[in-house]
file final.cif (mmCIF, C-alpha atoms and all ligand atoms; chains and numbers go by the auth columns)
data_start
loop_
_atom_site.group_PDB
_atom_site.id
_atom_site.type_symbol
_atom_site.label_atom_id
_atom_site.label_comp_id
_atom_site.label_asym_id
_atom_site.label_seq_id
_atom_site.Cartn_x
_atom_site.Cartn_y
_atom_site.Cartn_z
_atom_site.B_iso_or_equiv
_atom_site.auth_seq_id
_atom_site.auth_asym_id
ATOM 1 C CA MET A 1 31.874 -4.707 71.333 0.00 1 P
ATOM 2 C CA SER A 2 33.180 -8.114 70.451 0.00 2 P
ATOM 3 C CA PHE A 3 35.315 -8.967 67.462 0.00 3 P
ATOM 4 C CA PRO A 4 35.889 -12.281 65.726 0.00 4 P
ATOM 5 C CA PRO A 5 38.985 -14.157 66.925 0.00 5 P
ATOM 6 C CA CYS A 6 42.305 -13.576 65.185 0.00 6 P
ATOM 7 C CA LEU A 7 42.366 -15.215 61.755 0.00 7 P
ATOM 8 C CA ASN A 8 45.978 -16.185 62.293 0.00 8 P
ATOM 9 C CA CYS A 9 46.275 -17.466 65.887 0.00 9 P
ATOM 10 C CA LYS A 10 42.631 -17.469 67.116 0.00 10 P
ATOM 11 C CA SER A 11 43.431 -15.060 69.953 0.00 11 P
ATOM 12 C CA GLU A 12 40.327 -13.415 71.419 0.00 12 P
ATOM 13 C CA PHE A 13 42.084 -10.192 72.419 0.00 13 P
ATOM 14 C CA VAL A 14 41.505 -8.556 69.069 0.00 14 P
ATOM 15 C CA TYR A 15 41.013 -4.792 68.915 0.00 15 P
ATOM 16 C CA GLN A 16 39.982 -2.364 66.214 0.00 16 P
ATOM 17 C CA ASP A 17 42.309 0.170 64.610 0.00 17 P
ATOM 18 C CA GLN A 18 40.303 2.304 62.173 0.00 18 P
ATOM 19 C CA SER A 19 38.996 -0.083 59.499 0.00 19 P
ATOM 20 C CA HIS A 20 41.295 -2.915 60.526 0.00 20 P
ATOM 21 C CA LEU A 21 41.243 -5.475 63.285 0.00 21 P
ATOM 22 C CA VAL A 22 44.550 -6.081 65.008 0.00 22 P
ATOM 23 C CA CYS A 23 45.734 -9.031 67.062 0.00 23 P
ATOM 24 C CA PRO A 24 47.999 -8.022 69.982 0.00 24 P
ATOM 25 C CA GLU A 25 49.419 -11.511 70.349 0.00 25 P
ATOM 26 C CA CYS A 26 50.756 -12.178 66.839 0.00 26 P
ATOM 27 C CA ALA A 27 50.478 -8.652 65.368 0.00 27 P
ATOM 28 C CA PHE A 28 48.268 -9.899 62.521 0.00 28 P
ATOM 29 C CA GLU A 29 46.076 -7.206 60.926 0.00 29 P
ATOM 30 C CA TRP A 30 43.129 -7.627 58.592 0.00 30 P
ATOM 31 C CA ASN A 31 40.137 -5.800 57.239 0.00 31 P
ATOM 32 C CA PRO A 32 36.955 -7.612 58.325 0.00 32 P
ATOM 33 C CA SER A 33 34.836 -6.216 55.478 0.00 33 P
ATOM 34 C CA GLU A 34 37.295 -7.549 52.903 0.00 34 P
ATOM 35 C CA THR A 35 37.251 -11.041 54.333 0.00 35 P
ATOM 36 C CA ASP A 36 33.448 -10.973 54.435 0.00 36 P
ATOM 37 C CA ASP A 37 33.226 -10.129 50.741 0.00 37 P
ATOM 38 C CA ALA A 38 35.873 -12.549 49.616 0.00 38 P
ATOM 39 C CA PHE A 39 33.690 -15.632 49.349 0.00 39 P
ATOM 40 C CA THR A 40 30.435 -14.212 48.098 0.00 40 P
ATOM 41 C CA VAL A 41 29.451 -14.291 44.462 0.00 41 P
ATOM 42 C CA LYS A 42 25.989 -13.062 43.564 0.00 42 P
ATOM 43 C CA ASP A 43 23.731 -13.527 40.580 0.00 43 P
ATOM 44 C CA ILE A 44 21.927 -10.768 38.692 0.00 44 P
ATOM 45 C CA ASN A 45 19.249 -10.601 41.408 0.00 45 P
ATOM 46 C CA GLY A 46 21.787 -10.383 44.225 0.00 46 P
ATOM 47 C CA LYS A 47 21.234 -13.969 45.346 0.00 47 P
ATOM 48 C CA LEU A 48 24.215 -15.779 46.756 0.00 48 P
ATOM 49 C CA LEU A 49 25.664 -18.411 44.429 0.00 49 P
ATOM 50 C CA GLU A 50 27.292 -21.584 45.671 0.00 50 P
ATOM 51 C CA GLN A 51 28.974 -24.618 44.247 0.00 51 P
ATOM 52 C CA GLY A 52 26.380 -27.044 42.905 0.00 52 P
ATOM 53 C CA ASP A 53 23.714 -24.395 42.295 0.00 53 P
ATOM 54 C CA LYS A 54 21.675 -24.657 39.114 0.00 54 P
ATOM 55 C CA VAL A 55 21.583 -21.421 37.147 0.00 55 P
ATOM 56 C CA THR A 56 20.223 -20.131 33.848 0.00 56 P
ATOM 57 C CA LEU A 57 21.816 -17.529 31.598 0.00 57 P
ATOM 58 C CA VAL A 58 20.068 -14.165 31.531 0.00 58 P
ATOM 59 C CA LYS A 59 21.789 -13.044 28.327 0.00 59 P
ATOM 60 C CA ASP A 60 23.191 -14.508 25.113 0.00 60 P
ATOM 61 C CA LEU A 61 26.888 -15.197 25.601 0.00 61 P
ATOM 62 C CA LYS A 62 29.588 -15.696 23.053 0.00 62 P
ATOM 63 C CA VAL A 63 32.212 -18.092 24.343 0.00 63 P
ATOM 64 C CA LYS A 64 35.696 -16.641 24.048 0.00 64 P
ATOM 65 C CA GLY A 65 38.010 -18.587 21.794 0.00 65 P
ATOM 66 C CA SER A 66 35.242 -20.581 20.109 0.00 66 P
ATOM 67 C CA SER A 67 32.348 -20.126 17.701 0.00 67 P
ATOM 68 C CA LEU A 68 29.933 -21.227 20.390 0.00 68 P
ATOM 69 C CA ASN A 69 26.991 -19.020 21.273 0.00 69 P
ATOM 70 C CA LEU A 70 25.063 -19.691 24.435 0.00 70 P
ATOM 71 C CA LYS A 71 21.455 -18.622 24.330 0.00 71 P
ATOM 72 C CA ILE A 72 19.592 -16.817 27.049 0.00 72 P
ATOM 73 C CA GLY A 73 17.831 -19.386 29.239 0.00 73 P
ATOM 74 C CA THR A 74 20.553 -22.022 28.804 0.00 74 P
ATOM 75 C CA LYS A 75 20.871 -24.125 31.940 0.00 75 P
ATOM 76 C CA ALA A 76 24.146 -24.659 33.764 0.00 76 P
ATOM 77 C CA VAL A 77 25.434 -26.088 37.020 0.00 77 P
ATOM 78 C CA ILE A 78 28.147 -24.335 39.036 0.00 78 P
ATOM 79 C CA LYS A 79 31.093 -26.675 39.456 0.00 79 P
ATOM 80 C CA ARG A 80 33.391 -24.242 41.187 0.00 80 P
ATOM 81 C CA ILE A 81 33.519 -20.599 42.229 0.00 81 P
ATOM 82 C CA VAL A 82 36.755 -18.800 41.462 0.00 82 P
ATOM 83 C CA GLU A 83 37.659 -15.663 43.369 0.00 83 P
ATOM 84 C CA GLY A 84 39.148 -12.502 41.997 0.00 84 P
ATOM 85 C CA LYS A 85 38.407 -12.947 38.309 0.00 85 P
ATOM 86 C CA ASP A 86 35.945 -11.538 35.771 0.00 86 P
ATOM 87 C CA HIS A 87 34.460 -14.948 35.190 0.00 87 P
ATOM 88 C CA GLN A 88 33.813 -16.262 38.675 0.00 88 P
ATOM 89 C CA LEU A 89 31.768 -19.313 37.810 0.00 89 P
ATOM 90 C CA ASP A 90 33.212 -22.490 36.436 0.00 90 P
ATOM 91 C CA CYS A 91 30.014 -23.973 35.016 0.00 91 P
ATOM 92 C CA LYS A 92 28.974 -27.147 33.320 0.00 92 P
ATOM 93 C CA VAL A 93 26.681 -25.871 30.594 0.00 93 P
ATOM 94 C CA ASP A 94 24.034 -28.007 28.876 0.00 94 P
ATOM 95 C CA GLY A 95 25.331 -29.017 25.459 0.00 95 P
ATOM 96 C CA ALA A 96 28.510 -26.952 25.719 0.00 96 P
ATOM 97 C CA GLY A 97 30.731 -28.474 28.390 0.00 97 P
ATOM 98 C CA GLU A 98 32.652 -26.534 31.006 0.00 98 P
ATOM 99 C CA ILE A 99 32.722 -22.795 30.556 0.00 99 P
ATOM 100 C CA MET A 100 33.710 -19.849 32.739 0.00 100 P
ATOM 101 C CA VAL A 101 30.765 -17.486 33.174 0.00 101 P
ATOM 102 C CA THR A 102 30.445 -14.074 34.789 0.00 102 P
ATOM 103 C CA ALA A 103 28.150 -14.206 37.828 0.00 103 P
ATOM 104 C CA LYS A 104 26.052 -11.194 36.788 0.00 104 P
ATOM 105 C CA TYR A 105 24.981 -13.018 33.605 0.00 105 P
ATOM 106 C CA VAL A 106 23.219 -15.817 35.437 0.00 106 P
ATOM 107 C CA LYS A 107 20.283 -16.249 37.752 0.00 107 P
ATOM 108 C CA LYS A 108 19.721 -18.954 40.280 0.00 108 P
ATOM 109 C CA ALA A 109 17.247 -21.521 38.926 0.00 109 P
HETATM 110 ZN ZN ZN B . 46.803 -13.445 66.325 0.00 1 V
#

call {"tool": "encode", "arguments": {"input": "final.cif", "output": "structure tokens"}}
result
Amino acid sequence: MSFPPCLNCKSEFVYQDQSHLVCPECAFEWNPSETDDAFTVKDINGKLLEQGDKVTLVKDLKVKGSSLNLKIGTKAVIKRIVEGKDHQLDCKVDGAGEIMVTAKYVKKA
């Protein structure tokens, strides 16, 4: 079995302790499945979304704090992906400007 090098010091002598990987050189511990998930945001079809992707809305959305309603099929471009929030996608939406959108309400165009 081979493990990825230590995230902290790049040591290759990493070993597994239950669900965690442990570095014997700097004592750093991490959960490899958590770090794998951290940077992936998926659309309604389970496709990976990245910065710069063109998406369309799969549902009518009411924009919080405004009277704006975005219609299903509205096109947007992902400007930035934000981790650890409900609204992961910072999108530039046609005719509406920059709006935070939940990833499961879009599909990759
Ligand atoms: Zn280390």

call {"tool": "resolve_selection", "arguments": {"input": "final.cif", "expression": "the PyMOL selection byres (((chain P and resi 58) around 6) and not hetatm)", "output": "ChimeraX atom specification"}}
result
/P:57,59,72,105-106

call {"tool": "residues_around", "arguments": {"input": "final.cif", "residues": "Lys62 in chain P", "least_positions_apart": "4", "cutoff": "12 Å", "atoms": "all atoms listed in the file", "output": "list in words"}}
result
Leu57, Ser66, Ser67, Leu68, Asn69, Leu70, Lys71, Ile72, Ala96, Ile99, Met100, Val101, Thr102 and Tyr105 of chain P

call {"tool": "resolve_selection", "arguments": {"input": "final.cif", "expression": "the PyMOL selection byres (((chain P and resi 79) around 12) and not hetatm)", "output": "VMD selection string"}}
result
chain P and resid 49 to 55 76 to 78 80 to 82 88 to 93 97 to 101

call {"tool": "closest_residue", "arguments": {"input": "final.cif", "among": "P:Lys47, P:Thr40, P:Val22, P:Phe3", "to": "ligand ZN 1 (chain V)", "atoms": "only C-alpha atoms and all ligand atoms"}}
result
P:Val22

call {"tool": "closest_atom_pairs", "arguments": {"input": "final.cif", "of": "chain P", "to": "ligand ZN 1 (chain V)", "cutoff": "12 Å", "atoms": "only C-alpha atoms and all ligand atoms", "output": "Markdown table"}}
result
| residue | atom | partner | partner_atom | distance |
| --- | --- | --- | --- | --- |
| P:Pro4 | CA | V:ZN1 | ZN | 11.0 |
| P:Pro5 | CA | V:ZN1 | ZN | 7.9 |
| P:Cys6 | CA | V:ZN1 | ZN | 4.6 |
| P:Leu7 | CA | V:ZN1 | ZN | 6.6 |
| P:Asn8 | CA | V:ZN1 | ZN | 4.9 |
| P:Cys9 | CA | V:ZN1 | ZN | 4.1 |
| P:Lys10 | CA | V:ZN1 | ZN | 5.9 |
| P:Ser11 | CA | V:ZN1 | ZN | 5.2 |
| P:Glu12 | CA | V:ZN1 | ZN | 8.2 |
| P:Phe13 | CA | V:ZN1 | ZN | 8.4 |
| P:Val14 | CA | V:ZN1 | ZN | 7.7 |
| P:Tyr15 | CA | V:ZN1 | ZN | 10.7 |
| P:Leu21 | CA | V:ZN1 | ZN | 10.2 |
| P:Val22 | CA | V:ZN1 | ZN | 7.8 |
| P:Cys23 | CA | V:ZN1 | ZN | 4.6 |
| P:Pro24 | CA | V:ZN1 | ZN | 6.6 |
| P:Glu25 | CA | V:ZN1 | ZN | 5.2 |
| P:Cys26 | CA | V:ZN1 | ZN | 4.2 |
| P:Ala27 | CA | V:ZN1 | ZN | 6.1 |
| P:Phe28 | CA | V:ZN1 | ZN | 5.4 |
| P:Glu29 | CA | V:ZN1 | ZN | 8.3 |
| P:Trp30 | CA | V:ZN1 | ZN | 10.4 |

call {"tool": "axis_aligned_box", "arguments": {"input": "final.cif", "around": "range 66-83 of chain P", "padding_each_side": "8 Å", "output": "JSON"}}
result
{"center_x": 27.7, "center_y": -21.2, "center_z": 30.5, "size_x": 35.8, "size_y": 27.0, "size_z": 41.7}

call {"tool": "residues_around", "arguments": {"input": "final.cif", "residues": "Asn45 in chain P", "least_positions_apart": "4", "cutoff": "9 Å", "atoms": "only C-alpha atoms", "output": "ChimeraX atom specification"}}
result
/P:104,106-108

call {"tool": "atom_distance", "arguments": {"input": "final.cif", "atom1": "CA of Asp86 in chain P", "atom2": "CA of Ala109 in chain P"}}
result
21.4 Å

call {"tool": "atom_distance", "arguments": {"input": "final.cif", "atom1": "CA of Glu83 in chain P", "atom2": "CA of Ser19 in chain P"}}
result
22.5 Å

call {"tool": "atom_distance", "arguments": {"input": "final.cif", "atom1": "CA of Ser33 in chain P", "atom2": "CA of Leu48 in chain P"}}
result
16.7 Å

call {"tool": "residues_near_point", "arguments": {"input": "final.cif", "point": "(21.6, -26.8, 27.8)", "cutoff": "6 Å", "atoms": "all atoms listed in the file", "output": "ChimeraX atom specification"}}
result
/P:74-75,93-95

call {"tool": "closest_residue", "arguments": {"input": "final.cif", "among": "P:His87, P:Ser2, P:Lys42, P:His20", "to": "Lys64 in chain P", "atoms": "only C-alpha atoms"}}
result
P:His87

call {"tool": "closest_residue", "arguments": {"input": "final.cif", "among": "P:Val41, P:Gly73, P:Gly65, P:Asp17", "to": "Ala103 in chain P", "atoms": "only C-alpha atoms"}}
result
P:Val41

call {"tool": "build_atoms", "arguments": {"input": "final.cif", "residues": "range 50-70 of chain P", "atoms": "N, CA and C atoms", "output": "PDB file, keeping the file's coordinate frame"}}
result
ATOM      1  N   GLU P  50      26.391 -20.615  45.066  1.00  0.00           N
ATOM      2  CA  GLU P  50      27.292 -21.584  45.671  1.00  0.00           C
ATOM      3  C   GLU P  50      27.555 -22.728  44.708  1.00  0.00           C
ATOM      4  N   GLN P  51      28.639 -23.425  45.013  1.00  0.00           N
ATOM      5  CA  GLN P  51      28.974 -24.618  44.247  1.00  0.00           C
ATOM      6  C   GLN P  51      27.796 -25.570  44.208  1.00  0.00           C
ATOM      7  N   GLY P  52      27.476 -26.089  43.025  1.00  0.00           N
ATOM      8  CA  GLY P  52      26.380 -27.044  42.905  1.00  0.00           C
ATOM      9  C   GLY P  52      25.047 -26.410  42.567  1.00  0.00           C
ATOM     10  N   ASP P  53      24.965 -25.076  42.630  1.00  0.00           N
ATOM     11  CA  ASP P  53      23.714 -24.395  42.295  1.00  0.00           C
ATOM     12  C   ASP P  53      23.398 -24.550  40.805  1.00  0.00           C
ATOM     13  N   LYS P  54      22.114 -24.674  40.505  1.00  0.00           N
ATOM     14  CA  LYS P  54      21.675 -24.657  39.114  1.00  0.00           C
ATOM     15  C   LYS P  54      21.335 -23.217  38.740  1.00  0.00           C
ATOM     16  N   VAL P  55      21.840 -22.795  37.596  1.00  0.00           N
ATOM     17  CA  VAL P  55      21.583 -21.421  37.147  1.00  0.00           C
ATOM     18  C   VAL P  55      21.120 -21.436  35.692  1.00  0.00           C
ATOM     19  N   THR P  56      20.514 -20.321  35.272  1.00  0.00           N
ATOM     20  CA  THR P  56      20.223 -20.131  33.848  1.00  0.00           C
ATOM     21  C   THR P  56      20.826 -18.812  33.401  1.00  0.00           C
ATOM     22  N   LEU P  57      21.220 -18.747  32.140  1.00  0.00           N
ATOM     23  CA  LEU P  57      21.816 -17.529  31.598  1.00  0.00           C
ATOM     24  C   LEU P  57      20.729 -16.481  31.388  1.00  0.00           C
ATOM     25  N   VAL P  58      21.045 -15.242  31.715  1.00  0.00           N
ATOM     26  CA  VAL P  58      20.068 -14.165  31.531  1.00  0.00           C
ATOM     27  C   VAL P  58      20.408 -13.333  30.296  1.00  0.00           C
ATOM     28  N   LYS P  59      21.371 -13.809  29.507  1.00  0.00           N
ATOM     29  CA  LYS P  59      21.789 -13.044  28.327  1.00  0.00           C
ATOM     30  C   LYS P  59      22.509 -14.004  27.382  1.00  0.00           C
ATOM     31  N   ASP P  60      22.433 -13.711  26.085  1.00  0.00           N
ATOM     32  CA  ASP P  60      23.191 -14.508  25.113  1.00  0.00           C
ATOM     33  C   ASP P  60      24.672 -14.267  25.335  1.00  0.00           C
ATOM     34  N   LEU P  61      25.446 -15.341  25.382  1.00  0.00           N
ATOM     35  CA  LEU P  61      26.888 -15.197  25.601  1.00  0.00           C
ATOM     36  C   LEU P  61      27.664 -15.846  24.480  1.00  0.00           C
ATOM     37  N   LYS P  62      28.672 -15.128  24.031  1.00  0.00           N
ATOM     38  CA  LYS P  62      29.588 -15.696  23.053  1.00  0.00           C
ATOM     39  C   LYS P  62      30.769 -16.238  23.850  1.00  0.00           C
ATOM     40  N   VAL P  63      31.117 -17.480  23.596  1.00  0.00           N
ATOM     41  CA  VAL P  63      32.212 -18.092  24.343  1.00  0.00           C
ATOM     42  C   VAL P  63      33.537 -17.702  23.705  1.00  0.00           C
ATOM     43  N   LYS P  64      34.387 -17.084  24.521  1.00  0.00           N
ATOM     44  CA  LYS P  64      35.696 -16.641  24.048  1.00  0.00           C
ATOM     45  C   LYS P  64      36.507 -17.799  23.487  1.00  0.00           C
ATOM     46  N   GLY P  65      37.132 -17.571  22.360  1.00  0.00           N
ATOM     47  CA  GLY P  65      38.010 -18.587  21.794  1.00  0.00           C
ATOM     48  C   GLY P  65      37.280 -19.721  21.104  1.00  0.00           C
ATOM     49  N   SER P  66      35.970 -19.565  20.869  1.00  0.00           N
ATOM     50  CA  SER P  66      35.242 -20.581  20.109  1.00  0.00           C
ATOM     51  C   SER P  66      34.111 -19.915  19.343  1.00  0.00           C
ATOM     52  N   SER P  67      33.453 -20.690  18.476  1.00  0.00           N
ATOM     53  CA  SER P  67      32.348 -20.126  17.701  1.00  0.00           C
ATOM     54  C   SER P  67      31.016 -20.362  18.407  1.00  0.00           C
ATOM     55  N   LEU P  68      31.119 -20.860  19.632  1.00  0.00           N
ATOM     56  CA  LEU P  68      29.933 -21.227  20.390  1.00  0.00           C
ATOM     57  C   LEU P  68      29.161 -19.994  20.864  1.00  0.00           C
ATOM     58  N   ASN P  69      27.853 -20.043  20.703  1.00  0.00           N
ATOM     59  CA  ASN P  69      26.991 -19.020  21.273  1.00  0.00           C
ATOM     60  C   ASN P  69      26.016 -19.669  22.238  1.00  0.00           C
ATOM     61  N   LEU P  70      26.006 -19.165  23.457  1.00  0.00           N
ATOM     62  CA  LEU P  70      25.063 -19.691  24.435  1.00  0.00           C
ATOM     63  C   LEU P  70      23.854 -18.775  24.457  1.00  0.00           C
TER      64      LEU P  70
END
